[in-house]
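Quick look at structure.txt (compact mmCIF, C-alpha atoms and all ligand atoms):
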```txt
# COMPACT_ATOMS: atom_id res chain seq x y z
CA MET G 1322 13.50 11.82 5.53
CA ASP G 1323 11.48 9.89 8.08
CA LYS G 1324 9.64 6.62 7.61
CA GLN G 1325 6.24 8.22 8.08
CA TYR G 1326 6.88 10.51 5.11
CA LEU G 1327 7.84 7.58 2.91
CA ILE G 1328 4.68 5.71 3.93
CA LYS G 1329 2.63 8.82 3.17
CA LYS G 1330 4.13 8.94 -0.34
CA ALA G 1331 3.38 5.22 -0.81
CA LEU G 1332 -0.24 5.84 0.23
CA GLU G 1333 -0.50 8.67 -2.29
CA ALA G 1334 0.96 6.44 -5.02
CA GLN G 1335 -1.52 3.69 -4.11
CA GLU G 1336 -4.37 6.00 -5.13
CA LYS G 1337 -2.98 6.03 -8.67
CA ALA G 1338 -3.05 2.23 -9.05
CA TYR G 1339 -4.57 1.02 -12.32
CA VAL G 1340 -6.28 -2.19 -11.23
CA PRO G 1341 -9.41 -2.89 -13.32
CA TYR G 1342 -8.99 -6.70 -12.95
CA SER G 1343 -8.07 -7.32 -9.31
CA ASN G 1344 -9.27 -4.03 -7.80
CA PHE G 1345 -6.32 -4.53 -5.39
CA LYS G 1346 -4.37 -1.30 -5.05
CA VAL G 1347 -0.71 -1.25 -4.04
CA GLY G 1348 1.60 1.72 -3.60
CA ALA G 1349 5.34 1.96 -3.03
CA ALA G 1350 7.80 4.73 -2.24
CA LEU G 1351 11.54 4.36 -2.11
CA LEU G 1352 14.52 6.41 -1.10
CA THR G 1353 17.77 5.90 -3.00
CA GLU G 1354 21.21 5.96 -1.37
CA ASP G 1355 21.79 9.33 -3.04
CA GLY G 1356 18.64 10.81 -1.51
CA GLU G 1357 16.12 10.66 -4.34
CA LEU G 1358 12.51 9.63 -3.81
CA TYR G 1359 10.52 7.56 -6.32
CA THR G 1360 7.00 6.23 -6.08
CA GLY G 1361 5.06 3.55 -7.94
CA CYS G 1362 1.68 1.87 -8.17
CA ASN G 1363 0.61 -1.44 -9.63
CA ILE G 1364 -0.50 -1.39 -13.24
CA GLU G 1365 -2.63 -4.21 -14.62
CA ILE G 1366 -2.95 -5.23 -18.25
CA ALA G 1367 -5.88 -7.10 -19.84
CA SER G 1368 -3.65 -9.99 -20.93
CA TYR G 1369 -2.51 -10.21 -17.25
CA SER G 1370 1.15 -11.21 -17.53
CA PRO G 1371 2.48 -7.72 -18.39
CA THR G 1372 1.06 -6.51 -15.04
CA LEU G 1373 3.64 -4.63 -12.99
CA CYS G 1374 3.73 -4.49 -9.20
CA ALA G 1375 3.99 -1.17 -7.39
CA GLU G 1376 7.46 -1.94 -6.03
CA ARG G 1377 8.88 -2.69 -9.45
CA THR G 1378 7.25 0.39 -10.96
CA ALA G 1379 9.05 2.53 -8.36
CA ILE G 1380 12.36 0.65 -8.69
CA PHE G 1381 12.38 0.77 -12.50
CA LYS G 1382 11.59 4.47 -12.42
CA ALA G 1383 14.59 5.03 -10.12
CA VAL G 1384 16.99 2.83 -12.09
CA SER G 1385 15.92 4.32 -15.40
CA GLU G 1386 16.78 7.75 -14.01
CA GLY G 1387 20.25 6.57 -12.97
CA HIS G 1388 19.63 5.78 -9.29
CA LYS G 1389 20.59 2.15 -8.79
CA LYS G 1390 20.91 1.86 -5.01
CA ILE G 1391 17.79 1.49 -2.91
CA LYS G 1392 18.15 2.41 0.75
CA ILE G 1393 14.59 1.99 1.94
CA ILE G 1394 11.27 1.07 0.32
CA ALA G 1395 7.80 1.37 1.82
CA VAL G 1396 4.87 -0.72 0.56
CA VAL G 1397 1.15 -0.33 1.22
CA GLY G 1398 -1.67 -2.46 -0.14
CA ASP G 1399 -5.30 -3.38 0.30
CA SER G 1400 -4.69 -6.32 2.64
CA ASP G 1401 -3.58 -6.26 6.27
CA PHE G 1402 0.19 -5.76 5.75
CA THR G 1403 0.74 -6.35 2.04
CA TYR G 1404 4.18 -7.91 1.65
CA PRO G 1405 6.25 -7.66 -1.53
CA CYS G 1406 5.77 -10.65 -3.83
CA GLY G 1407 8.66 -13.01 -4.56
CA VAL G 1408 9.53 -11.38 -7.86
CA CYS G 1409 9.69 -7.93 -6.25
CA ARG G 1410 11.89 -9.29 -3.44
CA GLN G 1411 14.34 -10.52 -6.07
CA VAL G 1412 14.28 -7.14 -7.83
CA ILE G 1413 14.92 -5.36 -4.51
CA ARG G 1414 17.83 -7.81 -4.05
CA GLU G 1415 19.34 -6.59 -7.31
CA PHE G 1416 19.32 -2.91 -6.33
CA GLY G 1417 19.20 -3.00 -2.54
CA LYS G 1418 20.97 -5.94 -0.96
CA ASP G 1419 21.00 -4.10 2.40
CA ALA G 1420 17.70 -2.28 1.89
CA THR G 1421 15.16 -1.73 4.62
CA ILE G 1422 11.63 -2.76 3.66
CA ILE G 1423 8.67 -1.15 5.39
CA VAL G 1424 5.35 -2.93 5.12
CA ALA G 1425 2.65 -0.56 6.27
CA ASN G 1426 -1.04 -0.34 6.93
CA SER G 1427 -0.75 3.35 7.81
CA GLU G 1428 1.82 5.93 8.88
CA GLU G 1429 1.47 4.67 12.46
CA ASP G 1430 1.04 0.95 11.85
CA TYR G 1431 4.04 -0.54 10.08
CA ARG G 1432 6.62 -3.31 10.25
CA GLU G 1433 10.25 -3.02 9.29
CA TYR G 1434 12.54 -5.66 7.78
CA LYS G 1435 15.86 -6.03 6.07
CA LEU G 1436 15.80 -7.59 2.62
CA ASP G 1437 17.64 -10.58 4.06
CA ASP G 1438 14.70 -11.23 6.44
CA LEU G 1439 12.30 -11.54 3.49
CA LEU G 1440 14.68 -13.22 1.05
CA PRO G 1441 17.25 -15.24 3.00
CA HIS G 1442 20.07 -17.14 1.29
CA SER G 1443 19.45 -15.09 -1.81
CA PHE G 1444 21.01 -15.26 -5.23
CA GLY G 1445 22.31 -12.00 -6.65
CA PRO G 1446 24.78 -10.16 -8.86
CA GLU G 1447 27.77 -11.20 -6.73
CA ASP G 1448 27.19 -14.86 -7.56
CA LEU G 1449 27.76 -14.14 -11.22
CA GLU G 1450 30.85 -12.02 -10.47
CA GLU G 1451 32.45 -15.03 -8.76
CA LYS G 1452 31.82 -17.10 -11.87
CA GLU G 1453 33.43 -14.48 -14.12
CA GLN G 1454 36.66 -14.56 -12.07
CA GLU G 1455 37.24 -18.27 -12.62
N1 LIG G 1501 0.91 -6.53 -6.29
C1 LIG G 1501 1.83 -5.55 -6.11
O1 LIG G 1501 1.72 -4.47 -6.70
N2 LIG G 1501 2.87 -5.77 -5.28
C2 LIG G 1501 3.07 -6.94 -4.61
O2 LIG G 1501 4.15 -7.17 -4.08
C3 LIG G 1501 1.97 -7.90 -4.52
C4 LIG G 1501 1.01 -7.85 -5.67
C5 LIG G 1501 -0.20 -6.30 -7.23
C6 LIG G 1501 -0.12 -7.07 -8.52
C7 LIG G 1501 -1.57 -7.08 -8.94
O3 LIG G 1501 -1.84 -5.89 -9.64
C8 LIG G 1501 -2.34 -7.05 -7.62
O4 LIG G 1501 -1.41 -6.67 -6.62
C9 LIG G 1501 -2.96 -8.38 -7.24
O5 LIG G 1501 -2.03 -9.41 -7.29
```
Can you dump the structure from the file as structure tokens?
Ligand code: THU
Amino acid sequence: MDKQYLIKKALEAQEKAYVPYSNFKVGAALLTEDGELYTGCNIEIASYSPTLCAERTAIFKAVSEGHKKIKIIAVVGDSDFTYPCGVCRQVIREFGKDATIIVANSEEDYREYKLDDLLPHSFGPEDLEEKEQE
């Protein structure tokens, strides 16, 4: 599956965003290590804090279906290169320590990162494993 296809799926997911409060639409599409594709959009709630970002919608869909390893995730939003928020970076860290993150304006105009570029010196599951072994 090529990157352009993943961006296309993220753009399609973006159209489904439920954003009555911010009117800021975000879409995400991810590929799991075992070859499954999941998409997500942001979903806003009137009391604000339950709002879910597009990336986490896609990731939680994948994990809840048994696919816990993210290989690559593409994100599109209404700003010029919409980057994943800090919370989403930490969630990607949980399920895709070596994931590639594509931040795209369009299928032709995109930037590519590793999770470590966007969340250096991160904390993750392995830190807790070390503690358990003591
Ligand atoms: N949003 C995302 O969906 N992903 C991000 O990484 C950045 C922010 C959403 C949350 C909210 O619905 C809207 O963008 C404005 O913050």
Could you list as a PDB file with C-alpha atoms, keeping the file's coordinate frame every residue that has an atom within 9 Å of (1.9, -2.7, 7.9), using the file's coordinates and counting only C-alpha atoms?
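In the end it all went to out_23.pdb:
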```pdb
ATOM      1  CA  VAL G1396       4.870  -0.720   0.560  1.00  0.00           C
ATOM      2  CA  VAL G1397       1.150  -0.330   1.220  1.00  0.00           C
ATOM      3  CA  GLY G1398      -1.670  -2.460  -0.140  1.00  0.00           C
ATOM      4  CA  ASP G1401      -3.580  -6.260   6.270  1.00  0.00           C
ATOM      5  CA  PHE G1402       0.190  -5.760   5.750  1.00  0.00           C
ATOM      6  CA  THR G1403       0.740  -6.350   2.040  1.00  0.00           C
ATOM      7  CA  TYR G1404       4.180  -7.910   1.650  1.00  0.00           C
ATOM      8  CA  ILE G1423       8.670  -1.150   5.390  1.00  0.00           C
ATOM      9  CA  VAL G1424       5.350  -2.930   5.120  1.00  0.00           C
ATOM     10  CA  ALA G1425       2.650  -0.560   6.270  1.00  0.00           C
ATOM     11  CA  ASN G1426      -1.040  -0.340   6.930  1.00  0.00           C
ATOM     12  CA  SER G1427      -0.750   3.350   7.810  1.00  0.00           C
ATOM     13  CA  GLU G1428       1.820   5.930   8.880  1.00  0.00           C
ATOM     14  CA  GLU G1429       1.470   4.670  12.460  1.00  0.00           C
ATOM     15  CA  ASP G1430       1.040   0.950  11.850  1.00  0.00           C
ATOM     16  CA  TYR G1431       4.040  -0.540  10.080  1.00  0.00           C
ATOM     17  CA  ARG G1432       6.620  -3.310  10.250  1.00  0.00           C
ATOM     18  CA  GLU G1433      10.250  -3.020   9.290  1.00  0.00           C
TER      19      GLU G1433
END
```
Exercise: residues within 6 Å of coordinate (-4.7, -1.6, -11.1), counting all atoms listed in the file, as a list in words: Ala1338, Tyr1339, Val1340, Pro1341, Asn1363, Ile1364 and Glu1365 of chain G
Expected selection as a list in words for ligand LIG 1501 (chain G) within 7 Å, all atoms listed in the file: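 Every residue with an atom at most 7 Å from ligand LIG 1501 (chain G) is listed here: Val1340, Ser1343, Phe1345, Lys1346, Val1347, Gly1348, Cys1362, Asn1363, Ile1364, Glu1365, Thr1372, Leu1373, Cys1374, Ala1375, Glu1376, Thr1403, Tyr1404, Pro1405, Cys1406 and Cys1409 of chain G.
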CA of Ala1395 (chain G) to CA of Gln1335 (chain G), straight-line distance in Å: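 These atoms are spaced 11.3 Å apart.
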Residue among G:Leu1440, G:Ala1420, G:Val1408, G:Ile1391 lying closest to Glu1354 (chain G), counting only C-alpha atoms: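 Ranked by minimum distance to Glu1354 (chain G), first place goes to G:Ile1391.
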Point-to-point distance from CA of Ala1331 (chain G) to CA of Ile1422 (chain G), Å rounded to tenths: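 So the two atoms, CA of Ala1331 (chain G) and CA of Ile1422 (chain G), lie 12.3 Å apart.
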Spatial neighbours of Asp1355 (chain G), 9 Å, all atoms listed in the file, chain gap at least 6 places, as a PyMOL selection string: chain G and resi 1388+1390-1392
Go ahead and dump the residues you just picked, C-alpha atoms, as a PDB file, keeping the file's coordinate frame.
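So the final result, stored in again_14.pdb, reads:
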```pdb
ATOM      1  CA  HIS G1388      19.630   5.780  -9.290  1.00  0.00           C
ATOM      2  CA  LYS G1390      20.910   1.860  -5.010  1.00  0.00           C
ATOM      3  CA  ILE G1391      17.790   1.490  -2.910  1.00  0.00           C
ATOM      4  CA  LYS G1392      18.150   2.410   0.750  1.00  0.00           C
TER       5      LYS G1392
END
```
Best match for closeness to Ile1394 (chain G) among G:Thr1378, G:Glu1336, G:Ala1367, G:Gly1445, counting all atoms listed in the file: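 Using all atoms listed in the file, the shortest distance to Ile1394 (chain G) belongs to G:Thr1378.
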Proximity to Asn1344 (chain G) - best of G:Asp1399, G:Glu1386, G:Glu1357, G:Asp1323, all atoms listed in the file: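 Smallest distance to Asn1344 (chain G) is found for G:Asp1399.
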Straight-line distance linking CA of Leu1352 (chain G) with CA of Leu1449 (chain G), stated in Å to one decimal: 26.5 Å
Pick from G:Arg1377, G:Leu1436, G:Glu1333, G:Ala1383, whichever lies nearest to Val1412 (chain G) using only C-alpha atoms: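 With only C-alpha atoms as the atom set, the closest residue is G:Arg1377.
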Nearest-residue call for Gly1417 (chain G), choices G:Pro1446, G:Gly1361, G:Gly1387, G:Pro1371, using all atoms listed in the file: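 Looking only at the distances to Gly1417 (chain G), the closest residue turns out to be G:Pro1446.
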Please put the answer as AutoDock Vina command-line options: centre and edge lengths, in Å with one decimal, of a box along x, y and z that encloses all listed atoms of region 1333-1345 of chain G plus 8 Å on each side.
```
--center_x -4.2 --center_y 0.7 --center_z -7.8 --size_x 26.4 --size_y 32.0 --size_z 27.0
```
Distance criterion (all atoms listed in the file): nearest to Ala1349 (chain G) out of G:Lys1324, G:Arg1410, G:Lys1418, G:Lys1330: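 Selected residue with least distance to Ala1349 (chain G): G:Lys1330.
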